[in-house]
Each structure stands twice: as structure tokens, then as C-alpha cells.
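One file, input_37.cif, is given below (mmCIF, C-alpha atoms).
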```cif
data_run
#
loop_
_atom_site.group_PDB
_atom_site.id
_atom_site.type_symbol
_atom_site.label_atom_id
_atom_site.label_comp_id
_atom_site.auth_asym_id
_atom_site.auth_seq_id
_atom_site.Cartn_x
_atom_site.Cartn_y
_atom_site.Cartn_z
ATOM 1 C CA MET A 21 97.574 69.782 -10.572
ATOM 2 C CA PHE A 22 98.338 72.950 -12.535
ATOM 3 C CA MET A 23 101.316 75.025 -13.600
ATOM 4 C CA ALA A 24 101.566 78.747 -12.859
ATOM 5 C CA ASP A 25 103.836 80.949 -14.970
ATOM 6 C CA ILE A 26 104.420 84.281 -13.246
ATOM 7 C CA ALA A 27 107.045 86.688 -14.601
ATOM 8 C CA GLY A 28 108.944 83.868 -16.281
ATOM 9 C CA VAL A 29 109.052 81.677 -13.148
ATOM 10 C CA ARG A 30 107.162 78.430 -13.489
ATOM 11 C CA VAL A 31 105.781 76.601 -10.486
ATOM 12 C CA LEU A 32 103.903 73.309 -10.648
ATOM 13 C CA TYR A 33 101.211 73.088 -7.968
ATOM 14 C CA THR A 34 100.148 69.583 -7.004
ATOM 15 C CA GLY A 35 97.253 69.822 -4.578
ATOM 16 C CA ASP A 36 95.716 66.470 -3.817
ATOM 17 C CA TYR A 37 93.096 67.622 -1.264
ATOM 18 C CA SER A 38 94.650 65.454 1.440
ATOM 19 C CA ARG A 39 95.917 66.424 4.870
ATOM 20 C CA GLU A 40 99.514 66.349 3.671
ATOM 21 C CA GLU A 41 101.182 69.616 2.786
ATOM 22 C CA ASP A 42 100.995 70.672 -0.825
ATOM 23 C CA CYS A 43 104.072 70.193 -2.917
ATOM 24 C CA HIS A 44 105.457 73.009 -5.065
ATOM 25 C CA LEU A 45 108.055 72.106 -7.658
ATOM 26 C CA CYS A 46 110.321 74.741 -9.159
ATOM 27 C CA ALA A 47 110.875 75.113 -12.887
ATOM 28 C CA ALA A 48 114.166 73.215 -12.858
ATOM 29 C CA GLU A 49 112.328 70.096 -11.697
ATOM 30 C CA ILE A 50 109.598 70.262 -14.389
ATOM 31 C CA LEU A 51 110.128 68.112 -17.432
ATOM 32 C CA HIS A 52 108.919 69.504 -20.746
ATOM 33 C CA PHE A 53 106.946 67.088 -22.854
ATOM 34 C CA SER A 54 104.478 67.199 -25.731
ATOM 35 C CA LEU A 55 101.341 65.172 -26.225
ATOM 36 C CA TYR A 56 99.944 64.476 -29.658
ATOM 37 C CA PHE A 57 96.267 63.595 -30.019
ATOM 38 C CA ASN A 58 94.739 61.838 -32.963
ATOM 39 C CA SER A 59 91.312 63.351 -33.646
ATOM 40 C CA GLU A 60 90.223 60.393 -35.748
ATOM 41 C CA LYS A 61 87.287 58.420 -34.386
ATOM 42 C CA MET A 62 86.534 54.834 -35.272
ATOM 43 C CA ALA A 63 83.172 53.125 -34.860
ATOM 44 C CA LYS A 64 82.491 49.416 -35.087
ATOM 45 C CA THR A 65 79.322 48.134 -36.759
ATOM 46 C CA ILE A 66 77.615 45.393 -34.812
ATOM 47 C CA ARG A 67 74.931 42.734 -35.282
ATOM 48 C CA ARG A 68 72.878 43.210 -38.441
ATOM 49 C CA LEU A 69 74.984 46.067 -39.825
ATOM 50 C CA ALA A 70 78.125 43.939 -39.470
ATOM 51 C CA GLU A 71 76.754 41.119 -41.649
ATOM 52 C CA LYS A 72 77.806 42.902 -44.860
ATOM 53 C CA THR A 73 81.063 44.790 -45.227
ATOM 54 C CA PRO A 74 80.367 48.249 -46.696
ATOM 55 C CA GLU A 75 82.218 49.378 -49.803
ATOM 56 C CA VAL A 76 84.533 52.373 -49.670
ATOM 57 C CA GLY A 77 82.406 55.527 -49.725
ATOM 58 C CA GLU A 78 79.167 53.635 -48.987
ATOM 59 C CA THR A 79 76.931 55.220 -46.357
ATOM 60 C CA VAL A 80 76.122 53.166 -43.270
ATOM 61 C CA SER A 81 73.105 54.388 -41.342
ATOM 62 C CA GLY A 82 72.067 53.456 -37.832
ATOM 63 C CA PHE A 83 72.452 54.606 -34.241
ATOM 64 C CA LEU A 84 75.850 55.755 -33.024
ATOM 65 C CA VAL A 85 76.314 54.521 -29.452
ATOM 66 C CA LYS A 86 79.221 55.654 -27.265
ATOM 67 C CA LYS A 87 80.100 53.159 -24.571
ATOM 68 C CA ALA A 88 83.073 54.129 -22.378
ATOM 69 C CA PHE A 89 85.601 55.213 -25.042
ATOM 70 C CA THR A 90 84.345 53.008 -27.884
ATOM 71 C CA TYR A 91 81.814 53.797 -30.577
ATOM 72 C CA GLN A 92 79.374 51.340 -32.119
ATOM 73 C CA ILE A 93 76.897 51.734 -34.974
ATOM 74 C CA MET A 94 73.818 49.525 -34.791
ATOM 75 C CA ALA A 95 70.563 49.134 -36.672
ATOM 76 C CA LEU A 96 67.313 50.307 -35.109
ATOM 77 C CA ASP A 97 66.094 46.694 -34.874
ATOM 78 C CA ASP A 98 69.128 45.779 -32.742
ATOM 79 C CA PHE A 99 68.735 48.726 -30.376
ATOM 80 C CA HIS A 100 66.634 46.856 -27.793
ATOM 81 C CA VAL A 101 69.341 44.181 -27.453
ATOM 82 C CA PHE A 102 71.963 46.683 -26.240
ATOM 83 C CA SER A 103 69.820 49.029 -24.186
ATOM 84 C CA GLN A 104 66.924 49.072 -21.768
ATOM 85 C CA LEU A 105 64.955 51.183 -24.260
ATOM 86 C CA SER A 106 62.416 49.851 -26.722
ATOM 87 C CA THR A 107 60.764 51.315 -29.787
ATOM 88 C CA GLU A 108 57.036 51.233 -30.378
ATOM 89 C CA ASN A 109 54.623 52.362 -33.061
ATOM 90 C CA ILE A 110 51.789 54.485 -31.771
ATOM 91 C CA SER A 111 48.460 54.577 -33.588
ATOM 92 C CA GLN A 112 46.407 57.644 -32.820
ATOM 93 C CA ARG A 113 42.698 58.291 -33.218
ATOM 94 C CA ILE A 114 40.608 61.374 -32.610
ATOM 95 C CA THR A 115 36.846 61.709 -32.995
ATOM 96 C CA ILE A 116 35.456 65.117 -33.937
ATOM 97 C CA ALA A 117 31.841 66.267 -33.771
ATOM 98 C CA TYR A 118 30.969 67.038 -37.403
ATOM 99 C CA SER A 119 27.404 67.254 -38.648
ATOM 100 C CA GLY A 120 28.118 68.582 -42.139
ATOM 101 C CA ALA A 121 28.135 66.573 -45.345
ATOM 102 C CA PHE A 122 31.102 64.184 -45.618
ATOM 103 C CA GLY A 123 31.475 64.953 -49.337
ATOM 104 C CA VAL A 124 31.777 68.678 -48.594
ATOM 105 C CA LEU A 125 34.524 67.958 -46.085
ATOM 106 C CA LYS A 126 36.433 65.874 -48.643
ATOM 107 C CA HIS A 127 35.998 68.585 -51.298
ATOM 108 C CA ARG A 128 37.300 71.315 -48.945
ATOM 109 C CA LEU A 129 40.285 69.218 -47.883
ATOM 110 C CA LYS A 130 41.104 68.533 -51.569
ATOM 111 C CA GLN A 131 41.313 72.295 -52.049
ATOM 112 C CA ILE A 132 43.826 72.568 -49.212
ATOM 113 C CA PHE A 133 45.927 69.393 -49.532
ATOM 114 C CA GLU A 134 47.653 67.903 -52.581
ATOM 115 C CA SER A 135 46.740 64.270 -52.015
ATOM 116 C CA VAL A 136 43.239 63.264 -50.887
ATOM 117 C CA GLU A 137 42.351 59.718 -52.035
ATOM 118 C CA SER A 138 39.067 57.829 -51.513
ATOM 119 C CA LEU A 139 39.287 54.442 -49.839
ATOM 120 C CA PRO A 140 37.229 51.447 -50.969
ATOM 121 C CA ASP A 141 34.253 50.730 -48.684
ATOM 122 C CA GLU A 142 35.415 47.168 -47.914
ATOM 123 C CA GLU A 143 38.738 48.501 -46.580
ATOM 124 C CA SER A 144 37.277 51.187 -44.320
ATOM 125 C CA GLU A 145 33.764 49.959 -43.277
ATOM 126 C CA GLY A 146 32.042 53.039 -44.714
ATOM 127 C CA PRO A 147 32.976 56.274 -46.450
ATOM 128 C CA ALA A 148 36.596 57.251 -45.848
ATOM 129 C CA PHE A 149 39.552 58.939 -47.506
ATOM 130 C CA ARG A 150 43.300 59.290 -46.949
ATOM 131 C CA VAL A 151 45.226 62.556 -46.795
ATOM 132 C CA HIS A 152 48.861 62.430 -47.986
ATOM 133 C CA GLU A 153 48.851 58.625 -47.583
ATOM 134 C CA ARG A 154 49.316 59.152 -43.829
ATOM 135 C CA LEU A 155 45.958 60.073 -42.304
ATOM 136 C CA THR A 156 42.596 58.334 -42.701
ATOM 137 C CA VAL A 157 39.389 60.341 -42.242
ATOM 138 C CA LYS A 158 36.357 58.077 -41.591
ATOM 139 C CA TYR A 159 32.637 58.837 -41.490
ATOM 140 C CA GLU A 160 31.497 57.348 -38.176
ATOM 141 C CA SER A 161 27.907 58.660 -37.892
ATOM 142 C CA GLU A 162 25.774 61.642 -38.852
ATOM 143 C CA LYS A 163 27.381 63.644 -36.065
ATOM 144 C CA HIS A 164 30.965 62.302 -35.892
ATOM 145 C CA ILE A 165 34.039 61.711 -38.011
ATOM 146 C CA SER A 166 37.275 60.094 -36.870
ATOM 147 C CA LEU A 167 40.884 60.572 -37.871
ATOM 148 C CA HIS A 168 43.417 57.711 -37.664
ATOM 149 C CA TRP A 169 47.194 57.865 -38.160
ATOM 150 C CA ARG A 170 50.481 56.287 -37.061
ATOM 151 C CA SER A 171 52.418 58.736 -34.977
ATOM 152 C CA ASP A 172 55.570 60.215 -36.463
ATOM 153 C CA PRO A 173 56.581 63.859 -36.912
ATOM 154 C CA ILE A 174 55.216 64.245 -40.463
ATOM 155 C CA SER A 175 51.947 62.387 -39.815
ATOM 156 C CA ASP A 176 51.420 64.435 -36.662
ATOM 157 C CA MET A 177 51.863 67.671 -38.656
ATOM 158 C CA VAL A 178 49.411 66.457 -41.323
ATOM 159 C CA SER A 179 46.866 65.450 -38.668
ATOM 160 C CA ASP A 180 47.213 68.813 -36.876
ATOM 161 C CA SER A 181 46.620 70.728 -40.104
ATOM 162 C CA VAL A 182 43.628 68.523 -41.059
ATOM 163 C CA ILE A 183 42.083 68.991 -37.594
ATOM 164 C CA ILE A 184 42.503 72.763 -37.833
ATOM 165 C CA SER A 185 41.026 72.711 -41.347
ATOM 166 C CA ILE A 186 38.014 70.702 -40.144
ATOM 167 C CA LEU A 187 37.455 73.117 -37.258
ATOM 168 C CA LEU A 188 37.669 76.088 -39.647
ATOM 169 C CA ILE A 189 35.166 74.390 -42.000
ATOM 170 C CA LEU A 190 32.834 73.917 -39.003
ATOM 171 C CA ILE A 191 33.166 77.608 -38.137
ATOM 172 C CA LEU A 192 32.339 78.564 -41.734
ATOM 173 C CA ILE A 193 29.313 76.222 -41.816
ATOM 174 C CA THR A 194 27.909 77.567 -38.533
ATOM 175 C CA SER A 195 28.509 81.213 -39.483
ATOM 176 C CA TYR A 196 26.400 80.836 -42.668
ATOM 177 C CA CYS A 197 23.510 79.139 -40.876
#
```
What's the C-alpha cells form of this structure?
Amino acid sequence: MFMADIAGVRVLYTGDYSREEDCHLCAAEILHFSLYFNSEKMAKTIRRLAEKTPEVGETVSGFLVKKAFTYQIMALDDFHVFSQLSTENISQRITIAYSGAFGVLKHRLKQIFESVESLPDEESEGPAFRVHERLTVKYESEKHISLHWRSDPISDMVSDSVIISILLILILITSYC
């Protein structure tokens, strides 16, 4: 249905895609009306977020879910209850061929990154250190090191930059030999 206004003459066209003839109503038959829309949206907190009533001005954080014409805010832990989706933590590991001295690697990475901390031997089963409290670099053997991290955007960026740094250190070592 639409209204056409041509040279001051209004015609309302009501095409219903049926086999019946279309109906055209003249301007005298059209009622004028106004619709007012409220642009305010309201969301209901559910499950764990609904246990405590927030104070005025307090921030509530969670997932905003639109279902039909209603909005709900839920905590990440409650997400699997209301959807078919689940959340998982992914631990990643990469092993790199590295035959240089492990201490040299740690020294070079300290020059590049702000936070490089040694790990106690009983925690890591051999020499190891952490970069930015997100990535663990372990000495596996004379020819290998391994990197371990939990996948998230920041840890993935740190691991990518450490891997590139290690590969550049390997290039420098082999170019001087």
C-alpha cells in the first residue's frame, strides 16, 4: 500500500498481489492521521545480572540479546542457557626450531618487550619465562623452544610479535655465522 501525490491529487494504491482488481481510493476517502513513536528502548536483565538491582547511573555489562521485539541483558556465564552457542577457552602451543642460547633469546626479548619474567623451574619443568604475563616461552631441547598462551586478541598479538622477533633473531644468528 502506498500513497501517490501528483499535482495536489492524492491517490492511495492498495495492491495486495491477488487476482482481485486493485483498489484506488481518492483523496476524499483518505483519513489523515499521525503516528508518534517513542525511541526509548528498554532491556530486561536476566538470571545472574537480575540478582542485584543496579543503582541509578551504575553500569551493567553483559550481552544485549534481541528476541522478537524485546531486549535482554545477560552475563556471559548465562549465555549458553539461552542460546545454542557455547564459549570455550583455547590454549595454543607452537614449537619453533631454535638452536641458539636460551639466555640470549631472553635477553633479546627483554630489549623488545617491557615485561619478560623468569619462571621458577618447578612451575615450568625447565628454563622458561613469561612475556607480558600472557605468553610462556619454554626451553624444550637443544634444538626447540615452545610458546604457550591462552587465545584472546591481546595474547594472540603478543604471541605473533614474539614469534616474529624469534625468527628475526634466528636470521641475525645465521647471518653472522
Distance in Å - CA of Ser59 (chain A) versus CA of Lys86 (chain A):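 Separation between CA of Ser59 (chain A) and CA of Lys86 (chain A): 15.7 Å.
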Determine, using all atoms listed in the file, which residues of region 74-149 of chain A have any atom at most 7 Å from an atom of region 170-179 of chain A, and tabulate each with its shortest atom pair and distance in Å to one decimal place, rows ordered by chain and then rising number, as a Markdown table.
```
| residue | atom | partner | partner_atom | distance |
| --- | --- | --- | --- | --- |
| A:Asn109 | CA | A:Arg170 | CA | 7.0 |
| A:Ile110 | CA | A:Ser171 | CA | 5.4 |
| A:Ser111 | CA | A:Arg170 | CA | 4.4 |
| A:Gln112 | CA | A:Arg170 | CA | 6.0 |
```
Shortest contact to Ser119 (chain A), candidates A:Glu71, A:Glu160, A:Asp97, A:Glu78, atoms counted all atoms listed in the file, goes to A:Glu160
Within 7 Å of Thr65 (chain A) using all atoms listed in the file, minus same-chain residues under 4 positions, as JSON, numbers by chain: {"A": [69, 70, 92, 93, 94]}
Would you mind reading off the distance between CA of Leu187 (chain A) and CA of Pro140 (chain A), one decimal, in Å?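 According to the coordinates, CA of Leu187 (chain A) and CA of Pro140 (chain A) are separated by 25.6 Å.
For the choices A:Thr194, A:Thr115, A:Gln104, A:Asn58, the atom-to-atom distance to Lys158 (chain A) is smallest for A:Thr115 when using only C-alpha atoms.
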CA of Arg67 (chain A) sits from CA of His100 (chain A) at a separation of 11.9 Å
Evaluating the PyMOL selection byres ((chain A and resi 117) around 9) on the displayed file yields which residues, as a list in words?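 When the PyMOL selection byres ((chain A and resi 117) around 9) is applied, the selected residues are Thr115, Ile116, Tyr118, Ser119, Lys163, His164, Ile165 and Ser166 of chain A.
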With C-alpha atoms kept, could you save the residues just selected as a compact mmCIF listing (two decimals), keeping the file's coordinate frame?
```txt
# COMPACT_ATOMS: atom_id res chain seq x y z
CA THR A 115 36.85 61.71 -32.99
CA ILE A 116 35.46 65.12 -33.94
CA TYR A 118 30.97 67.04 -37.40
CA SER A 119 27.40 67.25 -38.65
CA LYS A 163 27.38 63.64 -36.06
CA HIS A 164 30.96 62.30 -35.89
CA ILE A 165 34.04 61.71 -38.01
CA SER A 166 37.28 60.09 -36.87
```
Name the closest residue to Leu167 (chain A) among the candidates A:Ile114, A:Phe133, A:Thr73, A:Thr90; distances are taken between atoms, counting all atoms listed in the file.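 Counting all atoms listed in the file, the residue closest to Leu167 (chain A) is A:Ile114.
Applied to this file, the PyMOL selection byres ((chain A and resi 137) around 8) selects Ser135, Val136, Ser138, Leu139, Phe149, Arg150, Val151 and Glu153 of chain A.
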Residues at most 12 Å from Ile189 (chain A), counting only C-alpha atoms, excluding those fewer than 6 positions away in the same chain, as a JSON list (two decimals) with C-alpha atoms, keeping the file's coordinate frame?
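The resulting file, result_4.json, is shown below:
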```
[["chain", "number", "residue", "atom", "x", "y", "z"],
["A", 118, "TYR", "CA", 30.97, 67.04, -37.40],
["A", 119, "SER", "CA", 27.40, 67.25, -38.65],
["A", 120, "GLY", "CA", 28.12, 68.58, -42.14],
["A", 121, "ALA", "CA", 28.14, 66.57, -45.34],
["A", 122, "PHE", "CA", 31.10, 64.18, -45.62],
["A", 124, "VAL", "CA", 31.78, 68.68, -48.59],
["A", 125, "LEU", "CA", 34.52, 67.96, -46.08],
["A", 126, "LYS", "CA", 36.43, 65.87, -48.64],
["A", 127, "HIS", "CA", 36.00, 68.58, -51.30],
["A", 128, "ARG", "CA", 37.30, 71.32, -48.94],
["A", 129, "LEU", "CA", 40.28, 69.22, -47.88],
["A", 131, "GLN", "CA", 41.31, 72.30, -52.05],
["A", 132, "ILE", "CA", 43.83, 72.57, -49.21],
["A", 182, "VAL", "CA", 43.63, 68.52, -41.06],
["A", 183, "ILE", "CA", 42.08, 68.99, -37.59],
["A", 195, "SER", "CA", 28.51, 81.21, -39.48],
["A", 196, "TYR", "CA", 26.40, 80.84, -42.67]]
```
Let me have the centre and edge lengths in Å, one decimal, of the box along x, y and z around every listed atom of region 93-111 of chain A with 6 Å of margin on each side, as AutoDock Vina command-line options.
```
--center_x 62.7 --center_y 49.4 --center_z -29.2 --size_x 40.4 --size_y 22.4 --size_z 26.9
```
